[in-house]
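As stored in upload-v8.cif (mmCIF, C-alpha atoms and all ligand atoms):
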```cif
data_input
#
loop_
_atom_site.label_atom_id
_atom_site.label_comp_id
_atom_site.auth_asym_id
_atom_site.auth_seq_id
_atom_site.Cartn_x
_atom_site.Cartn_y
_atom_site.Cartn_z
CA MET A 1 140.26 98.29 -10.70
CA PRO A 2 138.67 94.98 -9.64
CA ASP A 3 139.20 94.14 -5.96
CA ALA A 4 137.82 91.71 -3.38
CA TYR A 5 134.50 93.56 -3.44
CA THR A 6 133.96 93.45 -7.18
CA PRO A 7 130.72 91.56 -7.87
CA ARG A 8 130.76 88.40 -9.93
CA PRO A 9 127.82 86.34 -11.20
CA GLU A 10 128.40 83.64 -8.55
CA HIS A 11 127.45 86.18 -5.88
CA LYS A 12 123.92 85.96 -7.32
CA PHE A 13 123.18 89.68 -7.36
CA THR A 14 120.08 90.68 -9.28
CA PHE A 15 118.22 93.91 -10.05
CA GLY A 16 114.77 94.59 -11.41
CA LEU A 17 114.39 96.28 -14.79
CA TRP A 18 112.36 98.85 -12.84
CA THR A 19 115.30 99.62 -10.51
CA VAL A 20 118.08 100.65 -12.86
CA GLY A 21 115.38 101.81 -15.28
CA ASN A 22 113.86 104.13 -12.66
CA ARG A 23 113.72 107.60 -14.21
CA GLY A 24 113.53 109.53 -10.95
CA ARG A 25 109.87 110.47 -11.17
CA ASP A 26 108.27 111.26 -7.81
CA PRO A 27 104.87 112.64 -6.79
CA PHE A 28 106.25 116.17 -7.08
CA GLY A 29 108.53 116.01 -10.06
CA ASP A 30 108.91 114.54 -13.50
CA ALA A 31 111.48 112.12 -14.89
CA VAL A 32 115.10 113.27 -14.76
CA ARG A 33 116.61 110.48 -16.86
CA PRO A 34 115.72 109.37 -20.38
CA THR A 35 114.08 105.98 -20.89
CA LEU A 36 116.46 103.04 -20.53
CA THR A 37 115.30 100.23 -22.80
CA PRO A 38 115.22 96.70 -21.34
CA VAL A 39 118.05 95.68 -23.67
CA GLU A 40 120.15 98.64 -22.47
CA ALA A 41 119.38 97.70 -18.86
CA VAL A 42 120.57 94.15 -19.50
CA ARG A 43 123.86 95.42 -20.92
CA MET A 44 124.31 97.78 -18.00
CA LEU A 45 123.66 95.05 -15.43
CA ALA A 46 126.10 92.70 -17.13
CA GLU A 47 128.69 95.48 -17.21
CA VAL A 48 128.42 96.12 -13.45
CA GLY A 49 128.64 92.40 -12.60
CA ALA A 50 125.10 91.32 -11.75
CA MET A 51 124.01 87.72 -12.25
CA GLY A 52 120.47 88.41 -13.26
CA VAL A 53 117.65 90.73 -14.14
CA ASN A 54 114.07 90.50 -12.90
CA LEU A 55 110.99 92.08 -14.37
CA HIS A 56 107.31 92.85 -14.25
CA ASP A 57 105.38 91.89 -17.36
CA ASN A 58 105.02 95.56 -18.35
CA ASP A 59 108.65 96.49 -17.65
CA LEU A 60 109.29 94.52 -20.82
CA VAL A 61 106.06 94.28 -22.78
CA PRO A 62 103.79 97.36 -22.88
CA ILE A 63 100.31 96.61 -21.58
CA ASP A 64 98.77 97.35 -25.00
CA ALA A 65 101.29 95.44 -27.16
CA THR A 66 99.95 93.13 -29.87
CA VAL A 67 100.92 89.46 -29.81
CA GLN A 68 103.40 90.07 -32.63
CA GLU A 69 104.98 93.00 -30.80
CA ARG A 70 105.18 90.98 -27.63
CA ASP A 71 106.92 88.10 -29.34
CA ARG A 72 109.46 90.38 -31.03
CA ILE A 73 110.24 92.21 -27.76
CA VAL A 74 110.67 88.95 -25.87
CA ARG A 75 112.89 87.53 -28.61
CA GLU A 76 115.17 90.57 -28.56
CA PHE A 77 115.30 90.61 -24.77
CA LYS A 78 116.14 86.91 -24.59
CA SER A 79 118.97 87.26 -27.03
CA ALA A 80 120.33 90.29 -25.13
CA CYS A 81 120.29 88.21 -21.92
CA GLU A 82 122.02 85.32 -23.65
CA ALA A 83 124.64 87.58 -25.22
CA SER A 84 125.44 89.13 -21.82
CA GLY A 85 125.13 85.91 -19.81
CA LEU A 86 122.34 87.33 -17.64
CA LYS A 87 119.66 85.09 -16.11
CA VAL A 88 116.05 85.96 -15.28
CA PRO A 89 115.55 84.19 -11.93
CA MET A 90 112.38 86.04 -10.94
CA ALA A 91 109.36 87.45 -12.71
CA THR A 92 106.41 89.38 -11.37
CA VAL A 93 103.26 91.11 -12.51
CA ASN A 94 102.30 94.74 -12.42
CA LEU A 95 98.91 94.90 -10.72
CA PHE A 96 99.27 98.48 -9.54
CA TYR A 97 99.95 100.92 -12.39
CA ASP A 98 96.92 100.64 -14.61
CA PRO A 99 93.85 102.65 -13.48
CA ALA A 100 91.81 99.45 -13.73
CA PHE A 101 93.45 98.47 -10.42
CA ARG A 102 92.51 101.64 -8.53
CA ASP A 103 90.31 99.60 -6.15
CA GLY A 104 92.73 96.66 -5.90
CA ALA A 105 93.46 93.68 -8.14
CA PHE A 106 92.74 90.27 -6.56
CA THR A 107 90.75 92.02 -3.84
CA ALA A 108 88.87 94.60 -5.93
CA ASN A 109 85.12 94.72 -5.52
CA ASP A 110 84.42 94.36 -9.23
CA PRO A 111 84.63 90.66 -10.20
CA ALA A 112 85.74 91.64 -13.72
CA VAL A 113 88.74 93.48 -12.25
CA ARG A 114 89.58 90.43 -10.13
CA ALA A 115 89.33 88.15 -13.16
CA TYR A 116 91.45 90.53 -15.25
CA ALA A 117 94.08 90.58 -12.49
CA VAL A 118 94.24 86.78 -12.48
CA GLN A 119 94.41 86.67 -16.29
CA LYS A 120 97.19 89.28 -16.34
CA THR A 121 99.11 87.28 -13.75
CA MET A 122 98.74 84.05 -15.75
CA ARG A 123 100.15 85.83 -18.80
CA ALA A 124 103.01 87.24 -16.72
CA MET A 125 103.69 83.70 -15.51
CA ASP A 126 103.81 82.54 -19.15
CA LEU A 127 106.30 85.32 -19.88
CA GLY A 128 108.47 84.54 -16.85
CA ALA A 129 108.51 80.85 -17.70
CA GLU A 130 109.57 81.64 -21.25
CA LEU A 131 112.53 83.56 -19.80
CA GLY A 132 113.46 80.77 -17.39
CA ALA A 133 112.19 82.31 -14.13
CA LYS A 134 111.42 79.91 -11.27
CA ILE A 135 110.44 82.51 -8.68
CA PHE A 136 107.26 84.54 -9.08
CA VAL A 137 106.90 87.55 -6.79
CA LEU A 138 103.52 89.02 -5.92
CA TRP A 139 103.47 92.49 -4.43
CA GLY A 140 99.89 93.60 -3.93
CA GLY A 141 100.54 97.32 -4.04
CA ARG A 142 96.90 98.24 -4.69
CA GLU A 143 95.35 95.58 -2.42
CA GLY A 144 94.19 97.94 0.27
CA VAL A 145 92.02 100.90 1.15
CA GLU A 146 91.73 104.56 1.84
CA THR A 147 88.41 103.96 3.56
CA ASP A 148 87.23 100.78 5.23
CA ALA A 149 83.74 101.64 4.06
CA CYS A 150 84.56 99.91 0.77
CA ARG A 151 84.81 96.29 1.99
CA ARG A 152 85.48 94.14 5.01
CA PRO A 153 89.12 93.16 5.22
CA ASP A 154 88.29 89.50 5.92
CA GLU A 155 86.49 89.44 2.56
CA ALA A 156 89.66 90.81 0.92
CA ILE A 157 91.68 88.06 2.56
CA LYS A 158 89.33 85.41 1.14
CA ARG A 159 89.58 86.90 -2.36
CA PHE A 160 93.36 87.05 -2.17
CA ARG A 161 93.50 83.40 -1.06
CA GLU A 162 91.20 82.34 -3.89
CA ALA A 163 93.46 84.05 -6.46
CA LEU A 164 96.60 82.45 -5.03
CA ASN A 165 95.04 79.00 -5.03
CA TYR A 166 94.05 79.50 -8.66
CA LEU A 167 97.53 80.64 -9.67
CA CYS A 168 99.21 77.70 -7.92
CA GLU A 169 96.96 75.35 -9.92
CA TYR A 170 97.87 77.20 -13.11
CA SER A 171 101.58 76.79 -12.40
CA LEU A 172 101.07 73.08 -11.74
CA SER A 173 98.95 72.56 -14.84
CA GLU A 174 101.57 74.26 -17.06
CA ASN A 175 104.52 72.53 -15.30
CA TYR A 176 106.08 75.91 -14.61
CA ASP A 177 107.57 74.77 -11.33
CA TYR A 178 107.17 78.24 -9.83
CA LYS A 179 107.72 79.19 -6.21
CA PHE A 180 105.57 82.19 -5.35
CA ALA A 181 107.10 84.82 -3.07
CA LEU A 182 104.64 87.22 -1.41
CA GLU A 183 105.91 90.72 -0.68
CA ALA A 184 104.35 92.75 2.11
CA LYS A 185 104.21 96.49 2.60
CA PRO A 186 102.14 98.37 5.18
CA ASN A 187 101.09 101.38 3.09
CA GLU A 188 101.91 103.39 -0.05
CA PRO A 189 100.42 103.68 -2.56
CA ARG A 190 97.29 102.75 -0.54
CA ALA A 191 96.64 104.31 2.85
CA ASP A 192 96.58 100.76 4.25
CA ILE A 193 97.62 97.66 2.37
CA TYR A 194 96.30 94.22 3.39
CA PHE A 195 98.94 91.81 4.70
CA PRO A 196 101.10 94.68 5.95
CA THR A 197 104.06 92.59 7.08
CA THR A 198 105.95 89.45 6.15
CA GLY A 199 104.54 87.83 9.28
CA ALA A 200 101.00 88.41 8.02
CA TYR A 201 101.81 86.58 4.79
CA LEU A 202 103.46 83.72 6.67
CA ALA A 203 100.18 83.19 8.50
CA LEU A 204 98.13 83.31 5.28
CA ILE A 205 100.38 80.79 3.49
CA GLU A 206 99.47 77.99 5.89
CA THR A 207 95.80 78.39 4.88
CA LEU A 208 96.43 77.86 1.13
CA ASP A 209 95.73 74.74 -0.90
CA HIS A 210 99.45 74.43 -1.78
CA PRO A 211 101.40 76.04 1.06
CA GLU A 212 104.59 74.34 -0.14
CA MET A 213 104.53 76.43 -3.34
CA VAL A 214 104.29 79.77 -1.57
CA GLY A 215 106.80 81.72 0.51
CA VAL A 216 107.75 85.33 1.10
CA ASN A 217 109.85 88.12 -0.37
CA PRO A 218 110.66 90.43 2.54
CA GLU A 219 111.89 93.91 1.64
CA VAL A 220 114.13 95.94 3.97
CA ALA A 221 112.28 99.21 3.37
CA HIS A 222 108.83 97.70 3.81
CA GLU A 223 109.50 95.98 7.14
CA GLN A 224 111.24 99.15 8.27
CA MET A 225 108.21 101.26 7.27
CA ALA A 226 106.16 99.05 9.60
CA GLY A 227 108.66 99.79 12.34
CA LEU A 228 110.00 96.24 12.32
CA ASN A 229 113.44 94.65 12.39
CA MET A 230 113.96 93.26 8.87
CA MET A 231 116.45 90.64 9.98
CA HIS A 232 113.95 89.24 12.46
CA SER A 233 111.30 88.95 9.73
CA VAL A 234 113.81 87.27 7.45
CA ALA A 235 114.82 84.90 10.24
CA GLN A 236 111.23 83.88 10.88
CA ALA A 237 110.70 83.26 7.17
CA TRP A 238 113.94 81.29 6.97
CA GLU A 239 113.09 79.18 10.01
CA ALA A 240 109.72 78.36 8.42
CA GLY A 241 111.43 77.34 5.14
CA LYS A 242 109.72 80.26 3.41
CA LEU A 243 112.50 82.64 2.41
CA PHE A 244 111.98 82.24 -1.34
CA HIS A 245 113.36 85.67 -2.33
CA ILE A 246 114.59 88.90 -0.75
CA ASP A 247 114.42 92.60 -1.66
CA LEU A 248 117.49 94.45 -0.41
CA ASN A 249 117.50 98.24 -0.14
CA ASP A 250 117.47 100.77 2.65
CA GLN A 251 115.11 103.14 4.41
CA VAL A 252 115.08 105.80 7.11
CA PRO A 253 112.33 105.16 9.68
CA GLY A 254 109.16 107.18 9.48
CA ARG A 255 109.47 108.22 5.84
CA TYR A 256 107.84 107.32 2.53
CA ASP A 257 109.12 104.18 0.73
CA GLN A 258 112.61 105.39 -0.11
CA ASP A 259 114.14 102.32 -1.82
CA LEU A 260 117.62 103.63 -1.04
CA ARG A 261 120.90 102.01 -2.05
CA PHE A 262 121.53 98.96 0.14
CA GLY A 263 123.36 99.90 3.34
CA SER A 264 123.14 103.64 2.75
CA ALA A 265 120.85 104.45 5.69
CA ASN A 266 121.35 101.85 8.42
CA LEU A 267 124.68 100.07 8.08
CA ILE A 268 124.40 98.09 11.30
CA ALA A 269 121.00 96.67 10.35
CA ALA A 270 122.40 95.84 6.91
CA PHE A 271 125.35 94.10 8.58
CA TRP A 272 123.16 91.85 10.74
CA LEU A 273 121.01 91.03 7.74
CA VAL A 274 123.96 90.05 5.53
CA LYS A 275 125.50 88.12 8.40
CA PHE A 276 122.26 86.21 8.89
CA LEU A 277 121.91 85.34 5.19
CA GLU A 278 125.52 84.21 4.97
CA ASP A 279 125.54 82.33 8.30
CA VAL A 280 122.46 80.27 7.47
CA GLY A 281 123.59 79.66 3.89
CA TYR A 282 120.71 81.36 2.05
CA SER A 283 121.32 80.34 -1.54
CA GLY A 284 118.72 82.39 -3.42
CA PRO A 285 119.33 85.55 -5.42
CA ARG A 286 120.34 88.72 -3.60
CA HIS A 287 117.94 91.06 -5.30
CA PHE A 288 118.26 94.83 -4.97
CA ASP A 289 114.92 96.59 -5.15
CA ALA A 290 116.21 100.13 -4.94
CA HIS A 291 116.92 103.02 -7.23
CA ALA A 292 119.48 105.76 -7.71
CA TYR A 293 119.03 109.26 -6.34
CA ARG A 294 117.13 111.66 -8.57
CA THR A 295 120.32 113.65 -8.94
CA GLU A 296 121.99 110.98 -11.05
CA ASP A 297 122.49 110.33 -14.73
CA TYR A 298 123.06 106.76 -15.98
CA GLU A 299 126.70 106.83 -14.86
CA GLY A 300 125.32 107.57 -11.41
CA VAL A 301 122.88 104.66 -11.79
CA LYS A 302 125.87 102.38 -12.36
CA ASP A 303 127.52 103.85 -9.25
CA PHE A 304 124.30 103.07 -7.38
CA ALA A 305 124.15 99.46 -8.62
CA ARG A 306 127.83 98.85 -7.97
CA GLY A 307 127.42 100.40 -4.54
CA CYS A 308 124.62 98.00 -3.52
CA MET A 309 126.72 94.98 -4.43
CA ARG A 310 129.97 96.36 -3.05
CA THR A 311 128.39 97.12 0.32
CA TYR A 312 126.92 93.62 0.46
CA LEU A 313 130.32 92.06 -0.23
CA ILE A 314 132.10 94.27 2.31
CA LEU A 315 129.50 93.37 4.94
CA LYS A 316 129.88 89.70 4.04
CA GLU A 317 133.61 89.99 4.68
CA LYS A 318 132.95 91.82 7.94
CA ALA A 319 130.61 89.01 8.97
CA ALA A 320 133.36 86.43 8.39
CA HIS A 321 135.74 88.67 10.34
CA TRP A 322 133.20 88.85 13.20
CA ASN A 323 132.79 85.08 13.24
CA ALA A 324 136.58 84.57 13.38
CA ASP A 325 137.38 87.24 16.00
CA THR A 326 138.89 85.49 19.05
CA GLU A 327 137.49 87.89 21.64
CA ILE A 328 134.02 87.65 20.12
CA LYS A 329 134.38 83.90 19.97
CA SER A 330 135.20 83.68 23.65
CA LEU A 331 132.27 85.93 24.58
CA LEU A 332 130.03 83.72 22.46
CA ALA A 333 131.44 80.61 24.12
CA GLU A 334 130.53 82.02 27.54
CA MET A 335 127.10 82.80 26.22
CA ALA A 336 126.71 79.29 24.85
CA ASN A 337 127.70 77.97 28.23
CA ARG A 338 124.96 79.98 29.89
CA GLU A 339 122.50 78.82 27.29
CA GLY A 340 122.97 75.15 28.18
CA ASN A 341 121.73 72.95 25.39
CA GLY A 342 119.37 75.67 24.20
CA GLN A 343 116.32 73.77 25.37
CA MET A 344 113.88 75.45 27.69
CA VAL A 345 112.22 72.76 29.79
CA GLY A 346 112.31 69.71 27.52
CA ARG A 347 109.16 68.09 26.21
CA PHE A 348 106.13 68.23 28.41
CA ASP A 349 105.22 65.26 30.54
CA LYS A 350 103.40 65.18 33.84
CA ASP A 351 106.47 64.25 35.95
CA ARG A 352 108.64 66.94 34.39
CA ALA A 353 105.90 69.47 34.90
CA ALA A 354 105.55 68.47 38.56
CA ARG A 355 109.33 68.87 39.06
CA LEU A 356 109.28 72.24 37.33
CA LEU A 357 106.42 73.41 39.51
CA ALA A 358 108.31 72.33 42.64
CA ARG A 359 111.62 73.96 41.69
CA ASP A 360 112.91 77.06 43.52
CA PHE A 361 114.45 79.78 41.37
CA ASP A 362 116.94 82.25 42.79
CA ARG A 363 115.72 85.34 40.94
CA ALA A 364 118.41 87.59 42.41
CA SER A 365 121.20 85.38 41.15
CA LEU A 366 119.56 85.06 37.73
CA ALA A 367 119.75 88.83 37.41
CA SER A 368 123.11 89.40 39.08
CA LYS A 369 125.76 88.91 36.42
CA GLY A 370 126.26 91.30 33.52
CA LEU A 371 125.96 89.67 30.13
CA GLN A 372 128.66 91.69 28.32
CA TYR A 373 126.45 92.54 25.38
CA GLU A 374 127.79 96.12 25.52
CA LYS A 375 131.28 94.78 24.91
CA LEU A 376 130.04 92.49 22.15
CA ASP A 377 128.22 95.31 20.43
CA GLN A 378 131.22 97.66 20.60
CA LEU A 379 133.45 94.94 19.15
CA THR A 380 130.93 94.76 16.31
CA VAL A 381 131.13 98.53 15.83
CA ASP A 382 134.95 98.40 15.88
CA ILE A 383 134.90 95.74 13.17
CA LEU A 384 132.39 97.66 11.08
CA LEU A 385 134.33 100.90 11.39
CA GLY A 386 137.51 99.14 10.36
CA VAL A 387 139.60 99.69 13.50
CA ARG A 388 139.68 96.03 14.42
C1 LIG B 401 107.47 98.24 -6.86
C2 LIG B 401 107.52 97.99 -5.38
C3 LIG B 401 108.49 96.94 -5.03
C4 LIG B 401 108.10 95.58 -5.53
C5 LIG B 401 108.10 95.50 -7.00
C6 LIG B 401 107.52 94.16 -7.40
S1 LIG B 401 107.34 96.81 -7.77
O1 LIG B 401 108.63 98.89 -7.27
O2 LIG B 401 107.86 99.21 -4.72
O3 LIG B 401 108.73 96.87 -3.66
O4 LIG B 401 109.07 94.66 -5.10
O5 LIG B 401 106.20 94.23 -7.79
MN MN B 402 110.04 99.48 -1.61
MN MN B 403 110.19 95.26 -3.39
#
```
Please re-express this file's structure in structure tokens.
Amino acid sequence: MPDAYTPRPEHKFTFGLWTVGNRGRDPFGDAVRPTLTPVEAVRMLAEVGAMGVNLHDNDLVPIDATVQERDRIVREFKSACEASGLKVPMATVNLFYDPAFRDGAFTANDPAVRAYAVQKTMRAMDLGAELGAKIFVLWGGREGVETDACRRPDEAIKRFREALNYLCEYSLSENYDYKFALEAKPNEPRADIYFPTTGAYLALIETLDHPEMVGVNPEVAHEQMAGLNMMHSVAQAWEAGKLFHIDLNDQVPGRYDQDLRFGSANLIAAFWLVKFLEDVGYSGPRHFDAHAYRTEDYEGVKDFARGCMRTYLILKEKAAHWNADTEIKSLLAEMANREGNGQMVGRFDKDRAARLLARDFDRASLASKGLQYEKLDQLTVDILLGVR
């Protein structure tokens, strides 16, 4: 039965072909589900109410396909998307599966590997453009090391920058109008991956030839693996105008990359994240980069996909509830009062600085009054647990 939490295309929920198509393989066990073809995945995603489907080049076109095979596959996929009303907002490139990338792709020591990685990305950009994608994600899963004996990391950074500059020029020369979204992860499959956090990519972007074309794609699990607060990373990206895409999933701290159903491990963190995205008016796709438990068949995969979207919509409603709660509003008003106009000391000038230096602060009084954050947090818990 449809209800208020039933996803609709206007909610902009998307999934990767690799997410619902995940067959449950892990380092210790084989696939537990049969192959789901891209066309079947499209039908499934339309059935559960997603707006779009995203893909790596090789999720759709096998790496060894002939040009004729490629064109037929793309034609069939396009018509399946059209028939089900699904969009392809984002495309990406697989630079991690093939053994050629065992030493990295853009950062590999062999210049032929680096050139192949750039060529493969250009072809993936052609494919994405053909399917209407305007966002191009780059996750450098193999760009890293097991031993630092192999190269200096600053050399890797230079190679990565060179590749990005090249790809921006390619997008411009083909009028693809892409926005690139860089996705960080601290480790796995490499022992250490370069640019381990969203913050590291934000710093790199400012050094590119076309910083305006490049932003980030933070993933819940990846920031969490680095021990970080995902919402804070997202907020920094947003404030810098760089939140071009987002990968929603969940993760228990201190584990391997779990890619769990959104909201299934840390509901409070998921709540603050959804609240942030909704409060600031993030208008991009809400992409779920997660997969179903290995225990599931394809009915269970649908339960997983529906669950991601349902949890998002429930948390969105809870966020509106939080914003409208009168007790919370009055606590926030008191807080706003304490915050003054939000400015610290105003702009620097010599007179202001002299006055600041001369001012006496009553440290004891600054620390004397409780801030009522305990109350605010428990009100949040009450709302989330449905007793308020
Ligand atoms: C891979 C990875 C994800 C990335 C995908 C894009 S592929 O599944 O674990 O986090 O977003 O390359
Ligand atoms: Mn992940
Ligand atoms: Mn991801």
message = Around ligand MN 402 (chain B), which protein and nucleic acid residues have at least one atom no more than 9 Å from it, if we count all atoms listed in the file? List them as JSON, numbers by chain.
response = {"A": [185, 219, 220, 221, 222, 247, 249, 250, 251, 257, 258, 259, 260, 289, 290]}
message = Given all atoms listed in the file as the basis, pick out the residue of A:Leu379, A:Val74, A:Ala133, A:Ala364 nearest to Leu331 of chain A.
response = A:Leu379
task = Name the closest residue to Asn266 of chain A among the candidates A:Gln236, A:Gln224, A:Thr19, A:Thr147; distances are taken between atoms, counting all atoms listed in the file.
result =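 Residue with the minimum atom-to-atom distance to Asn266 of chain A: A:Gln224.
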Find the residues near segment 374-376 of chain A: any atom within 10 Å, counting all atoms listed in the file, skip ones fewer than 4 places away on the same chain, and give them as a PDB file with C-alpha atoms, keeping the file's coordinate frame.
```pdb
ATOM      1  CA  GLU A 327     137.490  87.890  21.640  1.00  0.00           C
ATOM      2  CA  ILE A 328     134.020  87.650  20.120  1.00  0.00           C
ATOM      3  CA  LYS A 329     134.380  83.900  19.970  1.00  0.00           C
ATOM      4  CA  LEU A 331     132.270  85.930  24.580  1.00  0.00           C
ATOM      5  CA  LEU A 332     130.030  83.720  22.460  1.00  0.00           C
ATOM      6  CA  GLY A 370     126.260  91.300  33.520  1.00  0.00           C
ATOM      7  CA  THR A 380     130.930  94.760  16.310  1.00  0.00           C
ATOM      8  CA  VAL A 381     131.130  98.530  15.830  1.00  0.00           C
ATOM      9  CA  ASP A 382     134.950  98.400  15.880  1.00  0.00           C
TER      10      ASP A 382
END
```
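Near segment 172-177 of chain A, within 9 Å and counting all atoms listed in the file, sit Met125, Asp126, Ala129, Ala133, Lys134, Ile135, Leu167, Cys168 and Met213 of chain A, not including residues fewer than 4 positions from it in the same chain.
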How about saving the chosen residues, C-alpha atoms kept, as an mmCIF file, in the coordinates of the input?
```
data_model
loop_
_atom_site.group_PDB
_atom_site.id
_atom_site.type_symbol
_atom_site.label_atom_id
_atom_site.label_comp_id
_atom_site.auth_asym_id
_atom_site.auth_seq_id
_atom_site.Cartn_x
_atom_site.Cartn_y
_atom_site.Cartn_z
ATOM 1 C CA MET A 125 103.690 83.700 -15.510
ATOM 2 C CA ASP A 126 103.810 82.540 -19.150
ATOM 3 C CA ALA A 129 108.510 80.850 -17.700
ATOM 4 C CA ALA A 133 112.190 82.310 -14.130
ATOM 5 C CA LYS A 134 111.420 79.910 -11.270
ATOM 6 C CA ILE A 135 110.440 82.510 -8.680
ATOM 7 C CA LEU A 167 97.530 80.640 -9.670
ATOM 8 C CA CYS A 168 99.210 77.700 -7.920
ATOM 9 C CA MET A 213 104.530 76.430 -3.340
#
```
task = Give as a PyMOL selection string the residues surrounding ligand LIG 401 (chain B) up to a distance of 10 Å, considering only C-alpha atoms and all ligand atoms.
result = chain A and resi 16-19+22+54-57+59+91-97+136-141+182-185+188-189+217-222+246-249+257-259+287-291
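Interatomic distance, atom CA of Gln119 of chain A to atom CA of Gly144 of chain A: 20.0 Å.
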message = Give me, as a ChimeraX atom specification, all polymer residues having an atom no more than 8 Å from segment 312-326 of chain A, counting only C-alpha atoms and skipping those fewer than 5 positions away in the same chain.
response = /A:5-7,262-263,270-271,274-275,278,380,383-384
Padding 4 Å on every side, please: axis-aligned box over the listed atoms of segment 349-363 of chain A, centre and edge lengths to one decimal in Å, as AutoDock Vina command-line options.
```
--center_x 110.2 --center_y 74.8 --center_z 37.0 --size_x 21.5 --size_y 29.1 --size_z 21.0
```
inquiry  = Quick check, in Å to one decimal: how far apart do atom CA of Phe13 of chain A and atom CA of Glu239 of chain A lie?
reply    = 22.7 Å
message = For a quick check of understanding, using only C-alpha atoms, which of A:Ile268, A:Arg114, A:Lys87, A:Thr14 has the smallest distance to Cys308 of chain A?
response =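 Among the listed residues, A:Thr14 lies closest to Cys308 of chain A.
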Atomic separation - atom CA of Gln343 of chain A relative to atom CA of Phe361 of chain A, Å = 17.2 Å
note = ligand MN 403 (chain B) proximity check over A:Asp3, A:Glu296, A:Glu223, A:Asp209, using only C-alpha atoms and all ligand atoms: winner is A:Glu223
key: Contact residues around Ala226 of chain A with only C-alpha atoms at 10 Å, ignoring same-chain residues under 6 positions, as a PyMOL selection string   = chain A and resi 184-187+196-197+253-254
